[in-house]
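Structure record follows, encoded as structure tokens.
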Amino acid sequence: MKSKLVGEIAGNYSTVVLMFGFAIVAMAPALLISRMISPRKKSNPVKFLPMECGQVPSGEGRTHFMMQYYPYILMFVIFDVVAIFLYAWGSALLELPKSATLPILGFLAIMFGAMSFALYQSGRRRIW
Amino acid sequence: MSVIAPNFKLSEFIKSLIDDIVWTVLIMSLIGIPAIMMILFYVPMPVIDGELLTPFLAFTYLADPSRTLPIVQAFMTTDMFKIMAFPGFGFAALLAAGTIFVERKMLAKLQLRVGPFYCGKVEGILQLMGDGLKLISKEIIIPAKADKPIFWAAPVLFVASAAAFVALIPVAPGWVVADVDMGLLAVFAVIGFFPIVTILSAWSANSKFPFIGGIRALFQMVSFEIPLILSLLGVVMVTGTLNLSEIAASQSSFPWILFLPVGAIVFFITMLAELERIPFDLPEAESEIVAGWLTELSGMMYGLVQLGTYLKLYAFAALFVVLFLGGWNGPMVVPPFPMEIVTEGIELGPVTAKIAGLPLFDQEMLNGTFWFILKTVGVIFFILLPRGVFPRIRVDMLLNLGWHKLIGLAFVNIFIALGLVYAGVLGPGGLQ
């Protein structure tokens, strides 16, 4: 495995950023052209109201909205990181000795325990 | 023919044509040519026939095909060409446009309709262009009290995120925009941008339906991100690399879907959920919440979001091909380039012209691209198919599926991969 400078590795990703920038540069004119050639009539203030199926909207648009699935967000914060940690082991599996898998199995057991407990708690709706 | 406008006069038509030509020539010679020269002065010039090309020479060469081709060839190796045209934006946008047309026709056939028919005479093939013209000439209505800068920026950012995803996909050996060592992790990073853009757009619109749709999109992407990440771990374990080009190259004898079918199925289902396609199209459920997070987007903003969606669809299908179906690998079907054209030149009647730099793309690249496109189109077909078949599922069923079933299946896949490696079937000393 040849060692590389950190800047060299980061420099490889510059094309991803370039592509991101190219899409912005190529697509923003579409909005500008559309703004130039399309009609703009301010005939009626009702036209600019938020869409609520023809009714005049009442209340704020950015309200608190109860989804009742908040525990899944909490679980995501934890288990997404755990899943990425597994990649550190998985990508080096072929070079590691087989005994290195045992701690990972222990780690997975703890993770399964935690996950099943969290899933059980998230099923109890009335505590949320 | 009475379809021509009644006030049509041939003389005025010819006059307008001549006017157009004069204006084009005038603008070209006053602005276009100086602009090309200015750009050429800033582009690093290639060395051709042992001498460094100057901007003046390059400009003169453009008129001569035998001298243009080496310039084109030199241009094709630059990052700019890769980003703009071949493995990058142009190629992906072309496939995305094809996908939209095929989706509309196929869905119509599944539902015993005709689909787009009139625009473009032949089976409505120009329907997409007509839709684009319609969208670009429609008024953009921004709801009152919306957060205007973010609301304007969100569709552009959505397309840009999809383009950054496309940048990581290897199409043929060596033909990839960003060949990075941590390609798969970069893919996960880019996928993480989409819910952020969605929720930004939904929040900035100051409207209730987009907000509900945005929250749903967030939940959906959050609960399917973990099975997505875990289902690809099996492939990484048996290949030992995160570089997408190396993963594709490692499948020269057999695709990983033969050994890891469970992971492929889990990845396919999570892919449908990340793409917000039926049966997981809760964020834009048109029969419940108008159009979900797209409700307030009008005109070209909606068009850009659609373009971004289909670029993302192409990128996910291509990722499936690269990881599970062998990427560009396939039997050689492209015939070799006739060598006598390179050595002796092309005969056109009495003239024999020897054109330098003729095989613009080598045989391997053309073959790889052919197989890659064939497989990608197949996967795209299977992504489109559920839309004509399945109903939409409820949000609690969605979360239940993502958290209880798919994560469990993803771990089954990891243990299958672990067993295959430790039993010596795959990895060093195994098959391949």
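Scheme for the structure tokens: letters A, B, ... for chains in order shown; per-chain residue numbers from 1; ligand numbers from 1 in order shown.
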Using only C-alpha atoms, determine which residues of chain B fall within 6 Å of chain A; present them as a VMD selection string. chain B and resid 83 136 to 139 143 to 144 156 160 163 to 164 167 178 180 206 to 208 226 236 to 237 240 to 241
Put those residues in a file: N, CA and C atoms, as a PDB file, in the first residue's frame.
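out.pdb written:
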ATOM      1  N   ILE B  83     -16.518  15.612 -17.237  1.00  0.00           N
ATOM      2  CA  ILE B  83     -17.594  16.182 -16.424  1.00  0.00           C
ATOM      3  C   ILE B  83     -18.780  16.563 -17.297  1.00  0.00           C
ATOM      4  N   ILE B 136     -40.361  25.679 -19.380  1.00  0.00           N
ATOM      5  CA  ILE B 136     -39.487  26.854 -19.322  1.00  0.00           C
ATOM      6  C   ILE B 136     -40.267  28.122 -19.620  1.00  0.00           C
ATOM      7  N   SER B 137     -41.428  28.007 -20.293  1.00  0.00           N
ATOM      8  CA  SER B 137     -42.188  29.219 -20.582  1.00  0.00           C
ATOM      9  C   SER B 137     -43.315  29.453 -19.587  1.00  0.00           C
ATOM     10  N   LYS B 138     -43.372  28.642 -18.544  1.00  0.00           N
ATOM     11  CA  LYS B 138     -44.419  28.845 -17.545  1.00  0.00           C
ATOM     12  C   LYS B 138     -43.956  29.793 -16.457  1.00  0.00           C
ATOM     13  N   GLU B 139     -44.917  30.476 -15.873  1.00  0.00           N
ATOM     14  CA  GLU B 139     -44.579  31.430 -14.828  1.00  0.00           C
ATOM     15  C   GLU B 139     -44.160  30.697 -13.554  1.00  0.00           C
ATOM     16  N   PRO B 143     -44.615  31.237  -3.411  1.00  0.00           N
ATOM     17  CA  PRO B 143     -45.643  31.556  -2.420  1.00  0.00           C
ATOM     18  C   PRO B 143     -45.219  32.721  -1.543  1.00  0.00           C
ATOM     19  N   ALA B 144     -46.222  33.481  -1.090  1.00  0.00           N
ATOM     20  CA  ALA B 144     -45.941  34.615  -0.218  1.00  0.00           C
ATOM     21  C   ALA B 144     -45.278  34.119   1.052  1.00  0.00           C
ATOM     22  N   VAL B 156     -31.847  23.704  -7.875  1.00  0.00           N
ATOM     23  CA  VAL B 156     -30.514  23.656  -8.469  1.00  0.00           C
ATOM     24  C   VAL B 156     -29.600  22.766  -7.634  1.00  0.00           C
ATOM     25  N   ALA B 160     -27.587  19.402  -8.626  1.00  0.00           N
ATOM     26  CA  ALA B 160     -26.144  19.358  -8.416  1.00  0.00           C
ATOM     27  C   ALA B 160     -25.756  18.157  -7.560  1.00  0.00           C
ATOM     28  N   ALA B 163     -25.823  15.223  -9.734  1.00  0.00           N
ATOM     29  CA  ALA B 163     -24.669  15.221 -10.628  1.00  0.00           C
ATOM     30  C   ALA B 163     -23.423  14.758  -9.891  1.00  0.00           C
ATOM     31  N   ALA B 164     -23.274  15.165  -8.620  1.00  0.00           N
ATOM     32  CA  ALA B 164     -22.125  14.716  -7.845  1.00  0.00           C
ATOM     33  C   ALA B 164     -22.171  13.207  -7.638  1.00  0.00           C
ATOM     34  N   ALA B 167     -20.989  11.577 -10.764  1.00  0.00           N
ATOM     35  CA  ALA B 167     -19.544  11.705 -10.947  1.00  0.00           C
ATOM     36  C   ALA B 167     -18.782  10.505 -10.419  1.00  0.00           C
ATOM     37  N   ALA B 178     -14.607  10.818 -11.170  1.00  0.00           N
ATOM     38  CA  ALA B 178     -13.806  10.889  -9.952  1.00  0.00           C
ATOM     39  C   ALA B 178     -13.453   9.475  -9.530  1.00  0.00           C
ATOM     40  N   VAL B 180     -11.940   7.658  -6.978  1.00  0.00           N
ATOM     41  CA  VAL B 180     -11.447   7.882  -5.620  1.00  0.00           C
ATOM     42  C   VAL B 180     -11.392   6.565  -4.867  1.00  0.00           C
ATOM     43  N   ASN B 206     -42.966  27.605   3.139  1.00  0.00           N
ATOM     44  CA  ASN B 206     -43.966  28.165   4.056  1.00  0.00           C
ATOM     45  C   ASN B 206     -45.372  27.681   3.708  1.00  0.00           C
ATOM     46  N   SER B 207     -45.496  26.410   3.453  1.00  0.00           N
ATOM     47  CA  SER B 207     -46.784  25.842   3.089  1.00  0.00           C
ATOM     48  C   SER B 207     -46.891  24.475   3.754  1.00  0.00           C
ATOM     49  N   LYS B 208     -48.120  24.047   4.032  1.00  0.00           N
ATOM     50  CA  LYS B 208     -48.236  22.848   4.874  1.00  0.00           C
ATOM     51  C   LYS B 208     -48.003  21.553   4.120  1.00  0.00           C
ATOM     52  N   ILE B 226     -29.796   3.014   6.634  1.00  0.00           N
ATOM     53  CA  ILE B 226     -29.009   1.988   7.321  1.00  0.00           C
ATOM     54  C   ILE B 226     -29.040   0.660   6.576  1.00  0.00           C
ATOM     55  N   VAL B 236     -18.207  -5.223  -0.174  1.00  0.00           N
ATOM     56  CA  VAL B 236     -16.923  -4.678   0.253  1.00  0.00           C
ATOM     57  C   VAL B 236     -16.095  -5.758   0.944  1.00  0.00           C
ATOM     58  N   MET B 237     -16.766  -6.645   1.699  1.00  0.00           N
ATOM     59  CA  MET B 237     -16.029  -7.688   2.408  1.00  0.00           C
ATOM     60  C   MET B 237     -15.378  -8.661   1.444  1.00  0.00           C
ATOM     61  N   GLY B 240     -12.711  -6.419  -0.661  1.00  0.00           N
ATOM     62  CA  GLY B 240     -11.642  -5.806   0.109  1.00  0.00           C
ATOM     63  C   GLY B 240     -11.263  -4.421  -0.353  1.00  0.00           C
ATOM     64  N   THR B 241     -12.131  -3.753  -1.105  1.00  0.00           N
ATOM     65  CA  THR B 241     -11.832  -2.397  -1.541  1.00  0.00           C
ATOM     66  C   THR B 241     -13.107  -1.575  -1.537  1.00  0.00           C
TER      67      THR B 241
END
As a ChimeraX atom specification, please: the residues near stretch 187-202 of chain B (cut-off 6 Å, only C-alpha atoms, same-chain neighbours under 6 positions excluded). /B:151,154,210-211,214,218,293
Store the residues picked out above in a file with N, CA and C atoms, as a PDB file, in the first residue's frame.
ATOM      1  N   PHE B 151     -35.523  28.856  -1.427  1.00  0.00           N
ATOM      2  CA  PHE B 151     -36.524  28.240  -2.313  1.00  0.00           C
ATOM      3  C   PHE B 151     -36.038  28.220  -3.754  1.00  0.00           C
ATOM      4  N   ALA B 154     -32.975  25.507  -3.965  1.00  0.00           N
ATOM      5  CA  ALA B 154     -33.165  24.083  -3.688  1.00  0.00           C
ATOM      6  C   ALA B 154     -33.217  23.211  -4.947  1.00  0.00           C
ATOM      7  N   PRO B 210     -46.095  20.874   1.387  1.00  0.00           N
ATOM      8  CA  PRO B 210     -44.668  20.591   1.214  1.00  0.00           C
ATOM      9  C   PRO B 210     -44.001  20.201   2.515  1.00  0.00           C
ATOM     10  N   PHE B 211     -44.435  20.806   3.626  1.00  0.00           N
ATOM     11  CA  PHE B 211     -43.782  20.504   4.887  1.00  0.00           C
ATOM     12  C   PHE B 211     -44.039  19.063   5.298  1.00  0.00           C
ATOM     13  N   GLY B 214     -41.974  16.918   3.084  1.00  0.00           N
ATOM     14  CA  GLY B 214     -40.557  16.960   3.422  1.00  0.00           C
ATOM     15  C   GLY B 214     -40.247  16.116   4.637  1.00  0.00           C
ATOM     16  N   LEU B 218     -37.848  12.854   4.864  1.00  0.00           N
ATOM     17  CA  LEU B 218     -36.783  12.710   5.854  1.00  0.00           C
ATOM     18  C   LEU B 218     -36.889  11.358   6.552  1.00  0.00           C
ATOM     19  N   TRP B 293     -43.653  17.327  -1.269  1.00  0.00           N
ATOM     20  CA  TRP B 293     -42.708  18.443  -1.164  1.00  0.00           C
ATOM     21  C   TRP B 293     -42.553  19.177  -2.489  1.00  0.00           C
TER      22      TRP B 293
END
Could you pull out the residues in stretch 89-177 of chain B that DSSP calls helix (DSSP H, G or I) from the backbone, as a PyMOL selection string? chain B and resi 89-110+127-136+148-166
Between A:Gln55, A:Phe85, A:Asn44, A:Glu8, which residue has the minimum interatomic distance to A:Phe107, considering only C-alpha atoms?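 Of the candidates, the smallest distance to A:Phe107 is held by A:Phe85.
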I want to know what sits within 12 Å of stretch 54-60 of chain B, based on only C-alpha atoms, with residues of the same chain fewer than 2 positions away left out; could you give that as a tab-separated table (two decimals) with C-alpha atoms, in the first residue's frame?
chain	number	residue	atom	x	y	z
B	33	ILE	CA	-14.55	34.25	-32.74
B	34	PRO	CA	-12.81	36.56	-30.25
B	35	ALA	CA	-14.44	34.62	-27.44
B	36	ILE	CA	-13.17	31.30	-28.85
B	37	MET	CA	-9.68	32.79	-29.20
B	38	MET	CA	-9.75	34.10	-25.64
B	39	ILE	CA	-10.82	30.71	-24.32
B	40	LEU	CA	-8.14	28.95	-26.37
B	41	PHE	CA	-5.50	31.16	-24.79
B	42	TYR	CA	-6.42	29.88	-21.35
B	43	VAL	CA	-6.75	26.18	-22.27
B	44	PRO	CA	-3.52	24.17	-21.90
B	45	MET	CA	-2.66	23.09	-25.45
B	46	PRO	CA	-1.65	19.55	-26.35
B	47	VAL	CA	1.56	18.58	-28.16
B	48	ILE	CA	0.80	17.32	-31.66
B	51	GLU	CA	5.28	20.60	-31.56
B	52	LEU	CA	3.28	22.52	-29.01
B	62	LEU	CA	-10.50	23.25	-36.40
B	63	ALA	CA	-11.43	23.60	-40.09
B	64	ASP	CA	-9.51	20.47	-41.15
B	65	PRO	CA	-10.92	17.11	-40.02
B	66	SER	CA	-7.59	15.30	-40.20
B	67	ARG	CA	-6.16	17.84	-37.81
B	68	THR	CA	-9.25	18.37	-35.68
B	69	LEU	CA	-9.36	14.75	-34.53
B	70	PRO	CA	-6.09	14.85	-32.53
B	71	ILE	CA	-7.32	18.02	-30.84
B	72	VAL	CA	-10.64	16.36	-30.06
B	74	ALA	CA	-6.60	15.48	-26.54
B	75	PHE	CA	-9.71	17.25	-25.30
Could you tell me which of B:Met365, B:Leu272, B:Ile414, B:Val333 comes closest to B:Phe224 if we count only C-alpha atoms? B:Leu272
